[in-house]
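Coordinates as given in target-v7.tsv (TSV, C-alpha atoms and all ligand atoms):
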chain	number	residue	atom	x	y	z
A	174	MET	CA	117.33	83.52	122.23
A	175	PRO	CA	114.54	82.87	119.69
A	176	ASN	CA	115.01	83.37	115.97
A	177	GLU	CA	113.60	86.68	114.85
A	178	ASN	CA	113.28	88.49	111.60
A	179	VAL	CA	113.89	85.33	109.56
A	180	THR	CA	112.83	86.00	106.01
A	181	ASN	CA	115.18	84.34	103.57
A	182	ALA	CA	114.98	80.77	102.37
A	183	PRO	CA	118.04	78.83	103.54
A	184	GLU	CA	119.21	78.13	100.01
A	185	ALA	CA	119.43	81.81	99.02
A	186	THR	CA	122.82	83.34	98.32
A	187	HIS	CA	123.39	86.12	100.81
A	188	ASP	CA	125.51	89.19	100.27
A	189	VAL	CA	127.09	88.63	103.62
A	190	VAL	CA	126.94	85.93	106.25
A	191	ILE	CA	128.38	86.70	109.67
A	192	VAL	CA	129.44	83.76	111.81
A	193	GLY	CA	129.43	84.74	115.48
A	194	SER	CA	127.40	87.11	117.62
A	195	GLY	CA	129.66	88.76	120.15
A	196	PRO	CA	130.45	92.50	119.99
A	197	ALA	CA	132.40	91.97	116.74
A	198	GLY	CA	129.76	89.96	114.87
A	199	LEU	CA	126.83	92.09	115.96
A	200	THR	CA	128.62	95.35	115.19
A	201	ALA	CA	129.41	93.96	111.74
A	202	ALA	CA	125.69	93.11	111.50
A	203	ILE	CA	124.58	96.62	112.48
A	204	TYR	CA	126.89	98.24	109.94
A	205	THR	CA	126.21	95.86	107.04
A	206	ALA	CA	122.46	96.04	107.72
A	207	ARG	CA	122.61	99.84	107.60
A	208	ALA	CA	124.52	99.49	104.31
A	209	ASP	CA	121.52	97.50	103.01
A	210	LEU	CA	123.48	94.26	102.65
A	211	ARG	CA	120.82	92.27	104.59
A	212	PRO	CA	123.34	90.31	106.70
A	213	LEU	CA	122.55	86.84	107.92
A	214	VAL	CA	124.05	86.22	111.36
A	215	LEU	CA	124.62	82.65	112.51
A	216	GLU	CA	124.76	83.42	116.20
A	217	GLY	CA	125.64	79.94	117.44
A	218	GLU	CA	123.89	77.72	119.94
A	219	PRO	CA	124.36	77.50	123.69
A	220	SER	CA	126.29	74.23	123.29
A	221	SER	CA	128.43	74.46	126.41
A	222	THR	CA	129.10	76.72	129.36
A	223	THR	CA	132.05	78.23	127.52
A	224	ASP	CA	130.42	78.67	124.11
A	225	GLN	CA	127.41	80.96	124.01
A	226	PRO	CA	125.56	83.10	121.45
A	227	GLY	CA	126.50	86.66	122.34
A	228	GLY	CA	130.06	85.62	123.12
A	229	GLN	CA	132.05	86.01	126.27
A	230	LEU	CA	130.16	89.04	127.55
A	231	MET	CA	127.24	86.68	128.15
A	232	LEU	CA	129.45	85.02	130.73
A	233	THR	CA	130.68	88.15	132.43
A	234	THR	CA	129.34	90.37	135.14
A	235	GLU	CA	129.62	94.10	135.17
A	236	VAL	CA	131.40	95.80	132.28
A	237	GLU	CA	132.75	99.08	133.59
A	238	ASN	CA	134.91	100.16	130.70
A	239	PHE	CA	132.58	100.09	127.69
A	240	PRO	CA	132.38	103.77	126.69
A	241	GLY	CA	128.99	105.37	127.04
A	242	PHE	CA	127.91	103.52	130.18
A	243	VAL	CA	128.82	105.87	133.00
A	244	ASP	CA	127.78	103.47	135.74
A	245	GLY	CA	128.73	100.25	133.92
A	246	VAL	CA	126.44	97.70	132.33
A	247	MET	CA	125.94	93.95	132.77
A	248	GLY	CA	127.55	91.95	129.94
A	249	PRO	CA	124.37	90.06	128.91
A	250	GLU	CA	122.36	93.29	128.94
A	251	LEU	CA	124.92	94.96	126.68
A	252	MET	CA	124.80	92.06	124.22
A	253	ALA	CA	120.99	92.05	124.22
A	254	SER	CA	121.15	95.72	123.17
A	255	PHE	CA	123.66	95.00	120.38
A	256	ARG	CA	121.34	92.25	119.14
A	257	LYS	CA	118.20	94.38	119.22
A	258	GLN	CA	120.02	97.14	117.38
A	259	ALA	CA	121.12	94.72	114.63
A	260	LEU	CA	117.55	93.42	114.30
A	261	ARG	CA	116.19	96.94	114.14
A	262	PHE	CA	118.17	97.54	110.94
A	263	GLY	CA	116.98	94.28	109.37
A	264	ALA	CA	119.74	91.79	110.16
A	265	GLU	CA	118.55	88.19	110.26
A	266	ILE	CA	119.80	86.35	113.31
A	267	LEU	CA	119.57	82.58	113.49
A	268	THR	CA	120.32	80.59	116.62
A	269	VAL	CA	122.30	77.97	114.76
A	270	LYS	CA	125.91	76.93	114.56
A	271	ALA	CA	127.95	76.67	111.38
A	272	THR	CA	129.35	73.14	111.22
A	273	LYS	CA	131.41	73.38	108.02
A	274	VAL	CA	132.52	76.03	105.55
A	275	ASP	CA	134.00	75.75	102.09
A	276	LEU	CA	135.95	78.88	101.19
A	277	SER	CA	137.63	77.42	98.10
A	278	ALA	CA	135.28	79.17	95.67
A	279	ARG	CA	132.65	81.92	95.70
A	280	PRO	CA	129.94	82.06	96.69
A	281	PHE	CA	131.32	80.62	99.92
A	282	ARG	CA	129.40	77.61	101.18
A	283	ILE	CA	128.27	77.25	104.77
A	284	TRP	CA	126.72	74.22	106.42
A	285	VAL	CA	124.49	74.22	109.48
A	286	GLY	CA	123.60	70.84	111.00
A	287	ASP	CA	124.94	67.78	109.18
A	288	PRO	CA	128.39	68.71	107.81
A	289	ASP	CA	128.26	65.73	105.46
A	290	ALA	CA	125.12	66.95	103.71
A	291	PRO	CA	125.89	67.21	99.97
A	292	GLU	CA	124.56	70.76	99.68
A	293	PRO	CA	125.41	73.68	101.96
A	294	THR	CA	122.70	75.39	103.99
A	295	TYR	CA	123.79	78.89	102.96
A	296	ARG	CA	125.87	80.57	100.32
A	297	ALA	CA	127.51	83.96	100.77
A	298	ARG	CA	129.28	86.46	98.52
A	299	ALA	CA	131.21	87.70	101.56
A	300	LEU	CA	131.84	86.11	104.91
A	301	VAL	CA	132.63	87.74	108.25
A	302	VAL	CA	134.26	85.45	110.78
A	303	ALA	CA	133.54	86.63	114.30
A	304	THR	CA	133.59	83.35	116.18
A	305	GLY	CA	135.53	84.74	119.14
A	306	ALA	CA	137.38	82.74	121.71
A	307	GLN	CA	136.32	80.56	124.60
A	308	SER	CA	137.46	79.60	128.06
A	309	ILE	CA	140.37	77.22	128.40
A	310	LEU	CA	139.78	74.36	130.79
A	311	LEU	CA	142.24	72.71	133.16
A	312	GLU	CA	142.21	69.31	131.45
A	313	VAL	CA	142.48	67.36	134.67
A	314	PRO	CA	140.54	64.28	135.82
A	315	GLY	CA	137.02	64.99	137.04
A	316	GLU	CA	136.66	68.21	135.04
A	317	ASP	CA	134.36	66.90	132.30
A	318	ARG	CA	132.19	65.06	134.80
A	319	LEU	CA	131.77	68.00	137.16
A	320	LEU	CA	131.45	70.89	134.72
A	321	GLY	CA	128.05	72.31	135.57
A	322	HIS	CA	128.00	70.36	138.86
A	323	GLY	CA	130.10	72.60	141.04
A	324	LEU	CA	132.72	73.39	138.40
A	325	SER	CA	132.07	76.43	136.23
A	326	THR	CA	133.65	78.94	133.89
A	327	CYS	CA	130.95	81.53	134.42
A	328	ALA	CA	130.49	83.34	137.70
A	329	THR	CA	127.49	85.32	136.42
A	330	CYS	CA	125.69	82.14	135.41
A	331	ASP	CA	126.47	80.04	138.45
A	332	GLY	CA	127.57	82.30	141.31
A	333	PHE	CA	124.10	82.25	142.82
A	334	PHE	CA	124.35	78.51	143.47
A	335	PHE	CA	127.25	78.97	145.86
A	336	ARG	CA	125.60	81.15	148.44
A	337	ASP	CA	127.42	80.74	151.79
A	338	LYS	CA	129.68	78.01	150.42
A	339	PRO	CA	133.50	77.96	150.27
A	340	ILE	CA	134.73	78.10	146.68
A	341	ALA	CA	137.93	78.39	144.67
A	342	VAL	CA	138.83	80.38	141.57
A	343	VAL	CA	141.73	79.10	139.45
A	344	GLY	CA	143.88	81.64	137.62
A	345	GLY	CA	145.89	84.79	138.24
A	346	GLY	CA	144.69	87.17	135.54
A	347	ASP	CA	142.01	89.87	135.44
A	348	SER	CA	139.31	87.30	134.71
A	349	ALA	CA	140.16	85.27	137.80
A	350	LEU	CA	140.10	88.30	140.08
A	351	GLU	CA	136.94	89.69	138.50
A	352	GLU	CA	135.24	86.33	139.11
A	353	ALA	CA	136.62	86.18	142.65
A	354	ILE	CA	135.32	89.66	143.50
A	355	PHE	CA	131.90	88.92	142.02
A	356	LEU	CA	131.68	85.53	143.75
A	357	SER	CA	132.59	87.06	147.12
A	358	LYS	CA	129.05	88.50	147.13
A	359	PHE	CA	127.66	84.98	147.37
A	360	ALA	CA	130.26	82.59	148.70
A	361	SER	CA	131.35	82.27	152.33
A	362	SER	CA	134.98	82.42	151.16
A	363	VAL	CA	136.85	82.58	147.86
A	364	LEU	CA	140.29	81.04	147.51
A	365	VAL	CA	142.22	82.14	144.43
A	366	VAL	CA	144.46	79.27	143.36
A	367	HIS	CA	147.35	80.46	141.20
A	368	ARG	CA	150.21	78.47	139.73
A	369	ARG	CA	152.80	81.19	140.39
A	370	SER	CA	153.55	83.53	143.30
A	371	GLU	CA	152.71	86.66	141.31
A	372	LEU	CA	149.43	87.70	139.75
A	373	ARG	CA	149.14	88.64	136.10
A	374	ALA	CA	146.06	90.80	136.76
A	375	SER	CA	146.09	94.61	136.58
A	376	LYS	CA	147.04	96.59	139.68
A	377	ILE	CA	143.53	97.92	140.25
A	378	MET	CA	142.04	94.40	140.24
A	379	GLN	CA	144.80	93.12	142.53
A	380	ASP	CA	144.17	95.95	144.98
A	381	ARG	CA	140.43	95.28	144.99
A	382	ALA	CA	140.82	91.54	145.46
A	383	MET	CA	143.42	91.88	148.19
A	384	ALA	CA	141.27	94.37	150.08
A	385	ASN	CA	138.30	91.99	149.99
A	386	PRO	CA	138.04	90.18	153.36
A	387	LYS	CA	136.43	87.10	151.79
A	388	ILE	CA	139.22	86.55	149.25
A	389	SER	CA	142.46	84.73	150.05
A	390	PHE	CA	145.23	83.33	147.86
A	391	ARG	CA	146.97	80.00	147.47
A	392	TRP	CA	150.22	80.57	145.59
A	393	ASN	CA	152.38	78.18	143.54
A	394	THR	CA	149.56	75.70	143.38
A	395	VAL	CA	148.16	73.63	140.52
A	396	VAL	CA	144.93	71.66	140.45
A	397	GLU	CA	145.55	67.99	139.73
A	398	GLU	CA	142.01	66.64	140.03
A	399	VAL	CA	138.49	67.88	140.52
A	400	LEU	CA	136.98	65.68	143.21
A	401	GLY	CA	133.43	64.39	143.51
A	402	GLU	CA	131.10	61.96	141.78
A	403	SER	CA	127.91	63.86	141.02
A	404	THR	CA	128.90	67.15	142.63
A	405	LEU	CA	132.20	68.85	143.37
A	406	VAL	CA	133.47	68.16	146.89
A	407	GLY	CA	137.06	69.42	146.69
A	408	LEU	CA	140.18	69.97	144.62
A	409	ALA	CA	143.29	67.82	144.72
A	410	VAL	CA	146.20	70.28	144.41
A	411	ARG	CA	149.98	70.23	144.34
A	412	ASP	CA	152.40	72.86	145.60
A	413	THR	CA	154.80	73.47	142.71
A	414	VAL	CA	157.63	74.51	145.05
A	415	THR	CA	157.50	71.79	147.72
A	416	GLY	CA	155.75	69.10	145.64
A	417	GLU	CA	153.34	68.58	148.53
A	418	THR	CA	149.85	67.44	147.62
A	419	SER	CA	146.67	68.28	149.52
A	420	VAL	CA	142.92	68.60	149.16
A	421	LEU	CA	141.19	71.98	149.14
A	422	ASP	CA	137.90	71.74	150.95
A	423	VAL	CA	135.69	73.75	148.57
A	424	GLN	CA	132.22	73.13	147.20
A	425	GLY	CA	132.62	75.09	144.00
A	426	CYS	CA	135.39	75.96	141.57
A	427	PHE	CA	135.53	78.56	138.82
A	428	VAL	CA	138.17	78.15	136.13
A	429	ALA	CA	139.48	81.45	134.74
A	430	ILE	CA	142.77	80.62	133.03
A	431	GLY	CA	142.36	82.32	129.68
A	432	HIS	CA	140.86	81.69	126.29
A	433	ALA	CA	141.41	79.91	122.99
A	434	PRO	CA	140.14	81.12	119.59
A	435	ASN	CA	137.22	79.32	117.95
A	436	THR	CA	138.90	78.61	114.64
A	437	SER	CA	138.62	74.86	114.09
A	438	LEU	CA	135.94	75.50	111.44
A	439	PHE	CA	138.52	77.28	109.29
A	440	ALA	CA	141.48	74.92	109.71
A	441	GLY	CA	143.35	74.50	106.44
A	442	GLN	CA	141.34	77.31	104.81
A	443	LEU	CA	142.38	80.49	106.60
A	444	SER	CA	145.86	81.45	107.84
A	445	MET	CA	146.35	81.16	111.59
A	446	ASP	CA	149.18	81.98	113.97
A	447	GLU	CA	150.75	79.33	116.18
A	448	ALA	CA	148.09	79.85	118.88
A	449	GLY	CA	145.29	79.33	116.32
A	450	TYR	CA	144.20	82.97	115.98
A	451	LEU	CA	143.28	84.07	112.44
A	452	VAL	CA	145.81	86.27	110.70
A	453	THR	CA	144.32	89.45	109.24
A	454	GLY	CA	145.52	92.45	107.30
A	455	PRO	CA	145.35	94.84	105.70
A	456	GLY	CA	142.32	95.78	107.78
A	457	THR	CA	140.18	92.73	108.52
A	458	ALA	CA	141.07	90.86	105.32
A	459	THR	CA	142.07	87.22	105.64
A	460	GLY	CA	144.11	85.54	102.92
A	461	VAL	CA	140.88	84.58	101.10
A	462	PRO	CA	139.35	87.50	99.16
A	463	GLY	CA	135.83	88.11	100.43
A	464	VAL	CA	136.45	86.59	103.87
A	465	PHE	CA	137.00	89.05	106.70
A	466	ALA	CA	137.69	88.37	110.38
A	467	CYS	CA	137.10	90.53	113.42
A	468	GLY	CA	137.06	90.40	117.21
A	469	ASP	CA	138.82	87.96	119.51
A	470	VAL	CA	139.14	85.28	116.84
A	471	GLN	CA	141.92	87.38	115.33
A	472	ASP	CA	143.06	89.42	118.34
A	473	HIS	CA	144.95	87.94	121.25
A	474	VAL	CA	146.43	91.27	122.25
A	475	TYR	CA	143.62	93.67	123.11
A	476	ARG	CA	140.64	91.30	123.57
A	477	GLN	CA	138.24	93.97	124.78
A	478	ALA	CA	134.56	94.34	123.94
A	479	ILE	CA	135.22	97.79	122.54
A	480	THR	CA	138.12	96.67	120.33
A	481	ALA	CA	136.06	93.69	119.13
A	482	ALA	CA	133.18	96.03	118.28
A	483	GLY	CA	135.60	98.38	116.53
A	484	SER	CA	137.00	95.59	114.40
A	485	GLY	CA	133.44	94.41	113.61
A	486	CYS	CA	132.79	97.88	112.21
A	487	MET	CA	136.00	97.63	110.18
A	488	ALA	CA	134.96	94.23	108.79
A	489	ALA	CA	131.58	95.61	107.74
A	490	ILE	CA	133.18	98.52	105.92
A	491	ASP	CA	135.67	96.13	104.30
A	492	VAL	CA	132.78	93.90	103.13
A	493	GLU	CA	130.87	96.86	101.78
A	494	ARG	CA	133.87	98.10	99.78
A	495	TYR	CA	134.69	94.62	98.55
A	496	LEU	CA	131.17	93.98	97.22
A	497	GLU	CA	130.91	97.48	95.84
A	498	ALA	CA	134.20	97.06	93.94
A	499	GLU	CA	132.82	93.87	92.41
A	500	HIS	CA	129.68	95.57	91.20
A	501	HIS	CA	131.52	98.65	89.99
A	502	PRO	CA	135.05	97.56	89.13
A	503	ALA	CA	137.53	100.40	88.58
A	504	THR	CA	138.19	100.85	84.89
A	601	LIG	P1	145.12	85.89	131.14
A	601	LIG	O1	145.80	85.17	130.05
A	601	LIG	O2	145.46	87.30	131.40
A	601	LIG	O3	145.39	85.10	132.52
A	601	LIG	C1	145.26	83.72	132.59
A	601	LIG	C2	145.73	83.27	133.97
A	601	LIG	O4	145.52	81.87	134.08
A	601	LIG	C3	147.20	83.54	134.22
A	601	LIG	O5	147.38	83.97	135.53
A	601	LIG	C4	147.83	82.16	133.97
A	601	LIG	O6	148.94	81.93	134.79
A	601	LIG	C5	146.73	81.22	134.41
A	601	LIG	N1	146.79	79.96	133.67
A	601	LIG	C6	146.87	79.76	132.32
A	601	LIG	N2	146.83	78.45	132.02
A	601	LIG	C7	146.76	77.79	133.20
A	601	LIG	C8	146.69	76.43	133.55
A	601	LIG	N3	146.68	75.45	132.63
A	601	LIG	N4	146.61	76.11	134.86
A	601	LIG	C9	146.59	77.07	135.79
A	601	LIG	N5	146.64	78.39	135.53
A	601	LIG	C10	146.74	78.74	134.25
A	601	LIG	O7	143.57	85.67	130.88
A	601	LIG	P2	142.32	86.48	131.44
A	601	LIG	O8	141.17	85.72	130.94
A	601	LIG	O9	142.42	86.69	132.89
A	601	LIG	O10	142.40	87.88	130.74
A	601	LIG	C11	142.45	87.98	129.31
A	601	LIG	C12	142.53	89.46	128.90
A	601	LIG	O11	141.29	90.11	129.19
A	601	LIG	C13	143.59	90.24	129.65
A	601	LIG	O12	144.15	91.17	128.78
A	601	LIG	C14	142.83	90.92	130.75
A	601	LIG	O13	143.45	92.10	131.19
A	601	LIG	C15	141.48	91.20	130.06
A	601	LIG	N6	140.41	91.28	131.05
A	601	LIG	C16	140.07	92.48	131.59
A	601	LIG	C17	139.09	92.59	132.54
A	601	LIG	C18	138.77	93.92	133.12
A	601	LIG	O14	139.47	94.88	132.79
A	601	LIG	N7	137.76	94.05	133.93
A	601	LIG	C19	138.35	91.41	133.02
A	601	LIG	C20	138.79	90.18	132.42
A	601	LIG	C21	139.77	90.14	131.48
A	601	LIG	P3	150.33	82.71	134.58
A	601	LIG	O15	150.10	84.07	135.16
A	601	LIG	O16	151.29	81.88	135.33
A	601	LIG	O17	150.57	82.71	133.10
I need this file expressed as structure tokens, please.
Ligand code: NDP
Amino acid sequence: MPNENVTNAPEATHDVVIVGSGPAGLTAAIYTARADLRPLVLEGEPSSTTDQPGGQLMLTTEVENFPGFVDGVMGPELMASFRKQALRFGAEILTVKATKVDLSARPFRIWVGDPDAPEPTYRARALVVATGAQSILLEVPGEDRLLGHGLSTCATCDGFFFRDKPIAVVGGGDSALEEAIFLSKFASSVLVVHRRSELRASKIMQDRAMANPKISFRWNTVVEEVLGESTLVGLAVRDTVTGETSVLDVQGCFVAIGHAPNTSLFAGQLSMDEAGYLVTGPGTATGVPGVFACGDVQDHVYRQAITAAGSGCMAAIDVERYLEAEHHPAT
């Protein structure tokens, strides 16, 4: 997405910089913009198939449970609306990625581009971390080589390329079944490959997938290698019960095995739990006064667009009160 509404010089100190542009970051932008804090949003760059400005909804299909959309809405369309709404209230949105932050003193320092540059690109009185989470990959041979060449983490982006082809979806959660159902519109067949004999997905998704004539299941099976040189030609798999190995004859594979938080930027500076999610509370406060976190980067329990948006609103209100208290300290 192009930069829009860019007015400030990079070296200016901003009241609030928001890192991330999913439902959490853009809701924080809408609220802080309406509070006249002129937020600067670093929305990220489309650096990989799993890491997109706009967050995970850019990689999803139909969102049926976001309140207010009676007939559902496509994820990318919903995020485009969030973005336009933030711009309408004067948020600046830059299609850049933060490469380093220094939260040891205020104003906080944020680098874009060369992290070794002596001076930061931006300074901020308050920082909202809304960097979200991204797809976990299988970490098997062939994966790096074939990502984008038959292997994908995004059915919406790539489903079209698999018209009338046999494909596999790896995973047993809601994401895997959602992808499988969406992909059944294109593919000749969809094989869900799951490492256990029981799905983790919700009952309604299980019922839908099982009723779909194009979808079948391969239980107790792990992928050991993604096969192919320049394009995916199959999956080498192992049955975890019998130990038997075989090759699945598919021409596409979608990995949907969960997500990991995007917190490496804050390592050693913000408290994290053992899975790497930021620890917040009370509200969206992190351990560093003036730094607030919202959305999936600090939530591995609910992980919904609506809860992310709700926590983005909370972060904005927390920022507003924090800055206000600084300007008008209680006597
Ligand atoms: P989940 O963590 O729910 O599921 C991940 C799946 O991948 C599990 O079945 C897990 O297996 C499997 N898995 C994990 N690691 C590996 C691995 N290394 N190799 C093979 N398989 C692996 O993630 P989801 O992304 O599916 O869902 C996340 C959250 O988002 C959930 O709360 C879900 O309900 C929600 N969601 C809701 C949707 C909706 O309502 N429409 C759509 C998508 C997501 P195992 O079961 O053995 O642990």
Checklist entry - If you count all atoms listed in the file, which residues end up within 7 Å of ligand LIG 601 (chain A), as an MDAnalysis selection string? => result chainID A and resid 236 311 343:349 351 367:369 372:375 395 429:432 474:477
Item to check | Polymer residues at most 8 Å from segment 329-340 of chain A, all atoms listed in the file, same-chain spacing of 6 or more positions, as a ChimeraX atom specification | outcome: /A:232-234,355-356,359-364,422-427
Next on the checklist: I need the residue nearest Ala466 of chain A from this list: A:Pro240, A:Gly193, A:Gly228, A:Ser254. Use all atoms listed in the file for the distance.
Outcome noted: A:Gly193
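From atom CA of Val461 of chain A back to atom CA of Leu276 of chain A, the distance works out to 7.5 Å.
Atom CA of Arg211 of chain A to atom CA of Thr304 of chain A spans 19.4 Å [interatomic distance, one decimal].
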Would you write out, as JSON lines, a table of all residues in segment 229-336 of chain A that have an atom no more than 8 Å from an atom of segment 396-416 of chain A, listing for each the closest atom pair and the distance in Å to one decimal, considering only C-alpha atoms and ordering rows by chain and rising residue number?
{"residue": "A:Leu311", "atom": "CA", "partner": "A:Val396", "partner_atom": "CA", "distance": 7.8}
{"residue": "A:Val313", "atom": "CA", "partner": "A:Glu398", "partner_atom": "CA", "distance": 5.4}
{"residue": "A:Pro314", "atom": "CA", "partner": "A:Glu398", "partner_atom": "CA", "distance": 5.0}
{"residue": "A:Gly315", "atom": "CA", "partner": "A:Val399", "partner_atom": "CA", "distance": 4.8}
{"residue": "A:Glu316", "atom": "CA", "partner": "A:Val399", "partner_atom": "CA", "distance": 5.8}
{"residue": "A:Arg318", "atom": "CA", "partner": "A:Ser403", "partner_atom": "CA", "distance": 7.6}
{"residue": "A:Leu319", "atom": "CA", "partner": "A:Thr404", "partner_atom": "CA", "distance": 6.2}
{"residue": "A:His322", "atom": "CA", "partner": "A:Thr404", "partner_atom": "CA", "distance": 5.0}
{"residue": "A:Gly323", "atom": "CA", "partner": "A:Leu405", "partner_atom": "CA", "distance": 4.9}
{"residue": "A:Leu324", "atom": "CA", "partner": "A:Leu405", "partner_atom": "CA", "distance": 6.8}
Checklist entry - So which residues touch Pro226 of chain A within 10 Å, counting all atoms listed in the file, skipping near sequence neighbours fewer than 4 positions away, as a ChimeraX atom specification? => result /A:174,193-195,215-220,230-231,252,267-270,304
Next on the checklist: Taking all atoms listed in the file into account, name the residue in A:Ala353, A:Ala489, A:Ala297, A:Ala271 that is nearest to Ala185 of chain A.
Outcome noted: A:Ala297
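You can rank A:Cys467, A:Ile191, A:Ile490, A:Ala197 by their closest distance to Phe281 of chain A using only C-alpha atoms, and at the top of that list sits A:Ile191.
Comparing A:Val302, A:Val366, A:Met487, A:Leu251 by their smallest distance to Thr436 of chain A, the closest is A:Val302 (using only C-alpha atoms).
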Could you extract segment 205-211 of chain A of the given structure into a file holding all heavy atoms, as a PDB file, in the first residue's frame?
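selection_8.pdb was written with the following content:
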ATOM      1  N   THR A 205      -6.078   7.274  18.789  1.00  0.00           N
ATOM      2  CA  THR A 205      -5.096   8.315  19.151  1.00  0.00           C
ATOM      3  C   THR A 205      -5.194   9.494  18.173  1.00  0.00           C
ATOM      4  O   THR A 205      -4.973  10.637  18.557  1.00  0.00           O
ATOM      5  CB  THR A 205      -3.648   7.771  19.195  1.00  0.00           C
ATOM      6  OG1 THR A 205      -3.376   7.043  17.998  1.00  0.00           O
ATOM      7  CG2 THR A 205      -3.421   6.892  20.397  1.00  0.00           C
ATOM      8  N   ALA A 206      -5.547   9.208  16.921  1.00  0.00           N
ATOM      9  CA  ALA A 206      -5.725  10.310  15.962  1.00  0.00           C
ATOM     10  C   ALA A 206      -6.915  11.171  16.382  1.00  0.00           C
ATOM     11  O   ALA A 206      -6.843  12.407  16.338  1.00  0.00           O
ATOM     12  CB  ALA A 206      -5.931   9.752  14.551  1.00  0.00           C
ATOM     13  N   ARG A 207      -7.985  10.521  16.802  1.00  0.00           N
ATOM     14  CA  ARG A 207      -9.170  11.285  17.228  1.00  0.00           C
ATOM     15  C   ARG A 207      -8.900  12.039  18.525  1.00  0.00           C
ATOM     16  O   ARG A 207      -9.575  13.018  18.837  1.00  0.00           O
ATOM     17  CB  ARG A 207     -10.389  10.368  17.353  1.00  0.00           C
ATOM     18  CG  ARG A 207     -10.836   9.831  15.997  1.00  0.00           C
ATOM     19  CD  ARG A 207     -12.179   9.154  16.042  1.00  0.00           C
ATOM     20  NE  ARG A 207     -13.274  10.111  16.044  1.00  0.00           N
ATOM     21  CZ  ARG A 207     -14.068  10.355  17.065  1.00  0.00           C
ATOM     22  NH1 ARG A 207     -13.910   9.693  18.189  1.00  0.00           N
ATOM     23  NH2 ARG A 207     -15.036  11.241  16.970  1.00  0.00           N
ATOM     24  N   ALA A 208      -7.889  11.595  19.276  1.00  0.00           N
ATOM     25  CA  ALA A 208      -7.495  12.310  20.501  1.00  0.00           C
ATOM     26  C   ALA A 208      -6.459  13.388  20.174  1.00  0.00           C
ATOM     27  O   ALA A 208      -5.846  13.964  21.070  1.00  0.00           O
ATOM     28  CB  ALA A 208      -6.924  11.322  21.517  1.00  0.00           C
ATOM     29  N   ASP A 209      -6.225  13.620  18.881  1.00  0.00           N
ATOM     30  CA  ASP A 209      -5.320  14.668  18.411  1.00  0.00           C
ATOM     31  C   ASP A 209      -3.869  14.414  18.784  1.00  0.00           C
ATOM     32  O   ASP A 209      -3.100  15.349  19.004  1.00  0.00           O
ATOM     33  CB  ASP A 209      -5.788  16.029  18.959  1.00  0.00           C
ATOM     34  CG  ASP A 209      -5.456  17.142  17.977  1.00  0.00           C
ATOM     35  OD1 ASP A 209      -5.183  16.822  16.804  1.00  0.00           O
ATOM     36  OD2 ASP A 209      -5.438  18.316  18.390  1.00  0.00           O
ATOM     37  N   LEU A 210      -3.486  13.146  18.845  1.00  0.00           N
ATOM     38  CA  LEU A 210      -2.090  12.819  19.183  1.00  0.00           C
ATOM     39  C   LEU A 210      -1.252  12.568  17.928  1.00  0.00           C
ATOM     40  O   LEU A 210      -0.078  12.192  18.030  1.00  0.00           O
ATOM     41  CB  LEU A 210      -2.039  11.593  20.108  1.00  0.00           C
ATOM     42  CG  LEU A 210      -2.619  11.811  21.504  1.00  0.00           C
ATOM     43  CD1 LEU A 210      -2.684  10.502  22.286  1.00  0.00           C
ATOM     44  CD2 LEU A 210      -1.798  12.846  22.263  1.00  0.00           C
ATOM     45  N   ARG A 211      -1.833  12.768  16.750  1.00  0.00           N
ATOM     46  CA  ARG A 211      -1.140  12.637  15.460  1.00  0.00           C
ATOM     47  C   ARG A 211      -0.233  11.394  15.414  1.00  0.00           C
ATOM     48  O   ARG A 211       0.982  11.504  15.290  1.00  0.00           O
ATOM     49  CB  ARG A 211      -0.315  13.904  15.171  1.00  0.00           C
ATOM     50  CG  ARG A 211      -1.168  15.161  15.121  1.00  0.00           C
ATOM     51  CD  ARG A 211      -0.347  16.415  14.927  1.00  0.00           C
ATOM     52  NE  ARG A 211       0.787  16.520  15.818  1.00  0.00           N
ATOM     53  CZ  ARG A 211       0.713  16.895  17.090  1.00  0.00           C
ATOM     54  NH1 ARG A 211      -0.436  17.240  17.627  1.00  0.00           N
ATOM     55  NH2 ARG A 211       1.802  16.943  17.826  1.00  0.00           N
TER      56      ARG A 211
END
